[in-house]
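Below is start24.txt, which holds compact mmCIF, C-alpha atoms.
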# COMPACT_ATOMS: atom_id res chain seq x y z
CA MET A 1 18.87 15.77 -22.94
CA PRO A 2 17.77 17.25 -19.60
CA SER A 3 20.31 19.29 -17.70
CA VAL A 4 21.94 17.82 -14.63
CA PHE A 5 19.73 20.14 -12.60
CA GLU A 6 16.51 19.05 -14.31
CA GLN A 7 17.29 15.43 -13.49
CA PHE A 8 16.77 16.20 -9.79
CA ASP A 9 13.18 15.25 -8.91
CA GLY A 10 11.24 15.40 -5.67
CA LYS A 11 11.12 11.64 -5.15
CA GLY A 12 14.83 11.26 -5.72
CA GLY A 13 15.48 14.18 -3.43
CA LEU A 14 13.58 12.49 -0.61
CA VAL A 15 15.51 9.22 -1.01
CA ASP A 16 18.76 11.18 -1.10
CA ARG A 17 17.96 13.06 2.09
CA LEU A 18 16.98 9.88 3.91
CA ALA A 19 20.17 8.14 2.79
CA ASN A 20 22.24 11.10 3.96
CA ARG A 21 20.57 11.12 7.35
CA LEU A 22 21.23 7.41 7.72
CA ILE A 23 24.92 7.87 6.96
CA TRP A 24 25.26 10.85 9.28
CA ARG A 25 23.56 8.94 12.10
CA PHE A 26 25.49 5.71 11.60
CA SER A 27 28.70 7.07 10.17
CA GLY A 28 32.01 5.28 10.10
CA PRO A 29 35.16 6.21 12.02
CA ARG A 30 35.10 9.85 13.00
CA ARG A 31 37.93 12.30 13.40
CA THR A 32 37.99 15.05 15.98
CA LEU A 33 37.88 18.41 14.28
CA ASP A 34 40.07 20.55 16.50
CA THR A 35 40.74 24.09 15.32
CA GLU A 36 40.96 27.45 17.06
CA THR A 37 40.91 29.21 13.69
CA PRO A 38 37.65 29.17 11.70
CA LEU A 39 38.18 27.34 8.40
CA VAL A 40 36.22 28.05 5.22
CA SER A 41 36.35 26.26 1.87
CA PHE A 42 34.64 27.39 -1.33
CA THR A 43 33.81 24.51 -3.66
CA PHE A 44 32.16 24.16 -7.07
CA ASP A 45 30.24 21.23 -8.56
CA ASP A 46 30.02 20.32 -12.28
CA VAL A 47 32.04 23.47 -12.99
CA PRO A 48 30.33 25.71 -15.53
CA ASP A 49 32.64 28.02 -17.47
CA SER A 50 31.54 30.96 -15.30
CA ALA A 51 32.96 29.17 -12.25
CA LEU A 52 36.30 29.14 -14.03
CA HIS A 53 36.19 32.66 -15.45
CA GLN A 54 34.44 34.41 -12.55
CA GLY A 55 34.56 32.18 -9.47
CA ALA A 56 38.23 31.22 -9.69
CA ALA A 57 39.22 34.78 -10.58
CA ILE A 58 37.40 36.19 -7.55
CA LEU A 59 39.12 33.73 -5.22
CA GLU A 60 42.49 34.58 -6.75
CA SER A 61 41.86 38.30 -6.36
CA HIS A 62 41.71 37.64 -2.60
CA GLY A 63 44.81 35.44 -2.66
CA VAL A 64 42.99 32.16 -2.01
CA ARG A 65 41.97 29.08 -4.00
CA GLY A 66 38.97 26.74 -4.26
CA THR A 67 38.09 23.12 -4.91
CA PHE A 68 36.41 22.23 -8.21
CA TYR A 69 34.65 18.85 -8.45
CA ILE A 70 34.74 17.56 -12.02
CA ALA A 71 32.53 14.97 -13.74
CA GLY A 72 34.36 14.23 -16.99
CA GLY A 73 31.24 13.02 -18.77
CA LEU A 74 29.79 16.54 -18.59
CA ALA A 75 32.74 18.11 -20.43
CA GLY A 76 31.59 20.77 -22.87
CA GLN A 77 27.90 20.13 -22.23
CA VAL A 78 25.76 23.10 -23.24
CA GLU A 79 22.76 23.88 -21.06
CA PRO A 80 20.50 26.90 -20.62
CA GLU A 81 22.54 29.77 -19.19
CA ARG A 82 25.75 27.72 -18.88
CA VAL A 83 28.42 25.64 -20.61
CA LEU A 84 30.43 23.12 -18.60
CA ILE A 85 34.21 23.30 -18.87
CA GLY A 86 36.28 20.79 -20.83
CA PRO A 87 39.80 19.42 -20.45
CA GLU A 88 41.46 22.80 -21.09
CA GLY A 89 39.47 24.38 -18.27
CA CYS A 90 40.40 21.61 -15.86
CA ARG A 91 44.06 22.00 -16.71
CA GLU A 92 43.89 25.78 -16.37
CA LEU A 93 42.32 25.57 -12.92
CA ALA A 94 45.01 23.18 -11.73
CA GLU A 95 47.77 25.33 -13.18
CA ARG A 96 46.33 28.35 -11.34
CA GLY A 97 46.62 26.52 -8.03
CA HIS A 98 43.06 25.33 -7.49
CA GLU A 99 42.23 21.81 -6.37
CA ILE A 100 40.53 19.42 -8.77
CA GLY A 101 38.24 16.88 -7.12
CA CYS A 102 36.16 13.95 -8.38
CA HIS A 103 32.40 14.12 -9.02
CA THR A 104 32.11 10.68 -10.75
CA PHE A 105 32.46 10.52 -14.54
CA SER A 106 28.82 10.23 -15.57
CA HIS A 107 27.32 12.45 -12.84
CA ARG A 108 24.85 9.73 -11.92
CA ARG A 109 23.73 9.33 -8.34
CA VAL A 110 26.03 6.84 -6.70
CA ARG A 111 23.06 4.68 -5.68
CA ASP A 112 22.19 4.32 -9.39
CA ILE A 113 25.65 2.95 -10.26
CA PRO A 114 25.91 -0.84 -9.74
CA ARG A 115 28.58 -1.62 -7.15
CA ARG A 116 30.60 -3.66 -9.65
CA GLU A 117 30.67 -0.65 -12.00
CA LEU A 118 31.64 2.02 -9.47
CA PRO A 119 35.42 1.36 -9.53
CA GLY A 120 35.44 1.71 -13.32
CA GLU A 121 33.35 4.88 -13.10
CA LEU A 122 35.88 6.47 -10.75
CA ASP A 123 38.86 5.16 -12.74
CA ARG A 124 37.37 6.67 -15.88
CA ASN A 125 37.11 10.10 -14.27
CA ALA A 126 40.67 9.90 -12.98
CA ALA A 127 41.85 8.98 -16.49
CA TYR A 128 39.89 11.89 -17.96
CA LEU A 129 41.61 14.33 -15.60
CA ALA A 130 45.04 12.83 -16.26
CA ASP A 131 44.48 13.09 -20.03
CA ALA A 132 43.37 16.71 -19.50
CA GLY A 133 46.80 17.47 -18.05
CA VAL A 134 45.84 17.59 -14.36
CA ALA A 135 49.06 16.33 -12.79
CA LEU A 136 47.70 15.21 -9.42
CA PRO A 137 44.93 12.59 -9.19
CA PRO A 138 41.84 13.70 -7.26
CA VAL A 139 41.91 12.84 -3.57
CA ASN A 140 38.58 14.39 -2.57
CA PHE A 141 35.08 13.58 -3.79
CA ALA A 142 31.67 15.26 -3.92
CA PHE A 143 28.49 13.22 -4.32
CA PRO A 144 26.44 14.16 -7.40
CA TYR A 145 23.16 15.74 -6.26
CA ASN A 146 24.59 15.54 -2.69
CA ALA A 147 23.24 11.98 -2.71
CA ALA A 148 25.50 9.80 -0.57
CA TRP A 149 25.05 6.04 -0.48
CA PRO A 150 26.05 3.74 2.41
CA LEU A 151 26.84 0.70 0.25
CA ALA A 152 29.60 2.57 -1.61
CA ARG A 153 31.46 3.63 1.50
CA SER A 154 34.29 1.09 1.31
CA GLU A 155 35.18 2.08 -2.25
CA PHE A 156 35.35 5.77 -1.36
CA ALA A 157 37.38 5.07 1.79
CA ARG A 158 39.93 3.25 -0.35
CA ARG A 159 40.31 6.12 -2.82
CA PHE A 160 39.61 9.47 -1.18
CA ARG A 161 40.53 11.54 1.85
CA SER A 162 37.05 13.04 2.03
CA CYS A 163 33.59 12.93 0.51
CA ARG A 164 31.27 15.94 0.56
CA ALA A 165 27.49 15.97 0.61
CA GLY A 166 25.07 18.70 1.68
CA GLY A 167 23.55 18.98 5.13
CA GLU A 168 23.50 22.75 5.66
CA ALA A 169 25.79 22.60 8.68
CA ILE A 170 29.29 23.46 9.89
CA ASN A 171 31.66 20.56 10.49
CA ARG A 172 32.53 20.52 14.19
CA GLY A 173 33.52 18.04 16.87
CA PRO A 174 33.48 14.36 15.80
CA VAL A 175 33.36 14.41 11.99
CA ASP A 176 33.18 11.61 9.45
CA PRO A 177 35.58 12.70 6.64
CA LEU A 178 33.60 10.60 4.16
CA MET A 179 30.46 12.57 4.92
CA LEU A 180 31.48 16.22 5.18
CA LYS A 181 28.58 18.63 5.49
CA ALA A 182 28.30 21.75 3.35
CA VAL A 183 26.19 24.86 2.81
CA GLU A 184 24.89 25.74 -0.65
CA ILE A 185 25.29 29.15 -2.30
CA ARG A 186 22.24 29.46 -4.57
CA GLN A 187 19.27 31.63 -5.45
CA PRO A 188 17.51 33.77 -4.40
CA GLU A 189 20.29 36.32 -4.41
CA GLU A 190 19.36 38.03 -1.16
CA GLU A 191 19.58 34.68 0.62
CA ALA A 192 22.94 33.99 -0.96
CA ARG A 193 24.28 37.30 0.34
CA ALA A 194 22.88 36.51 3.78
CA LEU A 195 25.11 33.43 3.98
CA THR A 196 27.59 35.72 5.73
CA GLY A 197 25.62 34.59 8.79
CA TRP A 198 27.19 31.14 8.44
CA ILE A 199 30.61 32.77 8.36
CA ASP A 200 29.82 34.74 11.51
CA GLU A 201 28.72 31.49 13.16
CA VAL A 202 31.93 29.61 12.33
CA VAL A 203 33.87 32.58 13.75
CA ARG A 204 31.80 32.44 16.94
CA ALA A 205 32.44 28.71 17.38
CA PRO A 206 35.34 27.62 15.15
CA GLY A 207 34.94 24.63 12.89
CA TRP A 208 35.12 23.97 9.17
CA LEU A 209 32.50 25.64 6.96
CA VAL A 210 32.37 24.22 3.43
CA PHE A 211 30.40 26.16 0.83
CA PHE A 212 29.37 24.72 -2.52
CA THR A 213 27.85 26.29 -5.60
CA HIS A 214 27.79 25.96 -9.38
CA ASP A 215 27.79 29.01 -11.66
CA ILE A 216 28.96 32.54 -10.84
CA ALA A 217 27.22 34.68 -13.43
CA ALA A 218 25.35 37.95 -13.95
CA ARG A 219 22.30 35.81 -14.75
CA PRO A 220 22.85 32.80 -12.49
CA THR A 221 20.92 29.57 -12.63
CA PRO A 222 18.92 28.69 -9.51
CA TYR A 223 22.05 26.88 -8.32
CA GLY A 224 24.56 29.74 -8.46
CA CYS A 225 24.96 33.41 -7.63
CA ARG A 226 26.18 36.70 -9.06
CA PRO A 227 29.88 37.60 -9.03
CA GLU A 228 29.37 40.48 -6.59
CA THR A 229 27.65 38.13 -4.13
CA PHE A 230 30.41 35.56 -4.32
CA ASP A 231 33.02 38.27 -3.86
CA HIS A 232 31.04 39.55 -0.86
CA LEU A 233 31.16 36.12 0.80
CA VAL A 234 34.87 35.56 0.18
CA ALA A 235 35.75 39.05 1.38
CA HIS A 236 33.61 38.64 4.51
CA ALA A 237 35.28 35.35 5.40
CA LEU A 238 38.72 36.89 5.16
CA ALA A 239 37.72 40.08 6.97
CA ARG A 240 36.39 38.01 9.88
CA GLY A 241 39.71 36.22 10.22
CA CYS A 242 38.79 32.91 8.62
CA CYS A 243 41.44 30.78 6.98
CA VAL A 244 40.16 30.11 3.45
CA LEU A 245 41.57 26.86 2.11
CA THR A 246 40.91 24.21 -0.50
CA VAL A 247 39.46 21.00 0.87
CA GLU A 248 42.83 19.27 0.56
CA ARG A 249 44.67 22.05 2.39
CA ALA A 250 42.04 22.12 5.13
CA LEU A 251 42.51 18.39 5.65
CA ASP A 252 46.26 18.93 5.82
CA ARG A 253 45.81 21.65 8.42
CA LEU A 254 43.56 19.40 10.49
CA GLY A 255 46.09 16.58 10.26
CA TRP A 256 43.61 14.15 8.72
Would you mind giving the structure from this file in structure tokens?
Amino acid sequence: MPSVFEQFDGKGGLVDRLANRLIWRFSGPRRTLDTETPLVSFTFDDVPDSALHQGAAILESHGVRGTFYIAGGLAGQVEPERVLIGPEGCRELAERGHEIGCHTFSHRRVRDIPRRELPGELDRNAAYLADAGVALPPVNFAFPYNAAWPLARSEFARRFRSCRAGGEAINRGPVDPLMLKAVEIRQPEEEARALTGWIDEVVRAPGWLVFFTHDIAARPTPYGCRPETFDHLVAHALARGCCVLTVERALDRLGW
């Protein structure tokens, strides 16, 4: 079975990017993002075991927490250079004060899930997390492969406070909470370390900078980084006076 990364092909990527641009251009009701303090959130998709053992630990060492988007159907999946966490890992993250978000159950692109099946897909993931011992149901969502889909908007609006895609941008001004933009932490390593530039930019003009990544490992996949790089980014955000919050806590602070 191909890994969730190997399932991302060039054609699909183009469709995903076009769909995202359409949603950003013709988004639904927007909220005004008004903050004098720069906000930063560190989020994880799929959640390899290194994100639990290294990523969460690094955040905790700085006194902050992250948001971990879980797709229950990936539980325990073994892939090159990584193993995805199971129910025990989800429960441990929640018990340690991190936020658990939804990433669908099957990790399929939302546009590939028939509309009549989407509610069941999301219910199944919520049930997986509840059975894992996660006390609070997920209230924030991240699109698998960052592939948003306009036709699913009403279902997400009914269930979630926010949905996160990609976009490589800081959230500022009028923002659609169901289409939050985010910046990826990935290889090559020197570029991952240089993401401090995004932190400096959100300090210069305050807004909400959401990072996302996957594994935090000495030998990262193309979609993660080394522990020292992740620590460097978290430390830089705090040193520059950013308020580092989970997605849920950032929404609370913004009053959304």
Could you work out an axis-aligned box for range 174-181 of chain A, taking every atom the file lists and adding 3 Å on each side, and report centre and edge lengths in Å to one decimal, as JSON?
{"center_x": 32.1, "center_y": 14.6, "center_z": 10.0, "size_x": 13.0, "size_y": 14.0, "size_z": 17.6}
Point-to-point distance from CA of Asp176 in chain A to CA of Ser162 in chain A, Å rounded to tenths:
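If I compute the distance from CA of Asp176 in chain A to CA of Ser162 in chain A, I get 8.5 Å.
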From A:Met179, A:Ile85, A:Ala192, A:Leu122, residue lying nearest Val110 in chain A [all atoms listed in the file]:
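Going through A:Met179, A:Ile85, A:Ala192, A:Leu122 one by one, the smallest distance to Val110 in chain A is for A:Leu122.
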> Can you tell me, as a list of chain:residue names, what residues are no more than 12 Å from Gly97 in chain A when counting all atoms listed in the file, ignoring any on the same chain fewer than 3 positions away?
Replying inline: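 Within the cut-off, the hits are A:Ala56, A:Ala57, A:Leu59, A:Glu60, A:Gly63, A:Val64, A:Arg65, A:Gly66, A:Thr67, A:Phe68, A:Cys90, A:Arg91, A:Glu92, A:Leu93, A:Ala94, A:Ile100, A:Val134, A:Ala135, A:Leu136, A:Leu245, A:Thr246, A:Glu248, A:Arg249.
Here CA of Leu118 in chain A is placed at a distance of 16.2 Å from CA of Leu178 in chain A.
Proximity to Asp131 in chain A at 12 Å, evaluated using all atoms listed in the file and with sequence-adjacent residues fewer than 6 positions away removed, yields Gly72, Gly86, Pro87, Glu88, Cys90, Arg91, Arg124, Asn125 and Pro137 of chain A.
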Counting all atoms listed in the file, the residue among A:Ala71, A:Ala235, A:Cys163, A:Ile58 that lies closest to Val175 in chain A is A:Cys163
Next on the checklist: Env of Thr221 in chain A: 10 Å cut, atoms = all atoms listed in the file, seq-sep filter 5 positions within chain, self excluded. Answer as a ChimeraX atom specification.
Outcome noted: /A:5,80-82,186-188,214-216,226
With all atoms listed in the file as the atoms that count, which of A:Pro138, A:Gly207, A:Pro48, A:Gly197 lies nearest to Asn171 in chain A?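 Closest residue, counting all atoms listed in the file: A:Gly207.
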- Message: Taking (31.6, 11.5, -14.7) in the coordinates of the supplied file, I want to know which residues reach to within 10 Å of it, counting only C-alpha atoms; could you give the answer as a list in words?
- Response: Asp46, Ile70, Ala71, Gly72, Gly73, Leu74, Ala75, Cys102, His103, Thr104, Phe105, Ser106, His107, Arg108, Glu121, Leu122, Asp123, Arg124, Asn125, Ala126, Tyr128 and Pro144 of chain A
Which of these, A:Asp252, A:Glu79, A:Glu117, A:Asp231, has the shortest distance to His62 in chain A once you count all atoms listed in the file?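 Looking at the shortest contact to His62 in chain A, the residue is A:Asp231.
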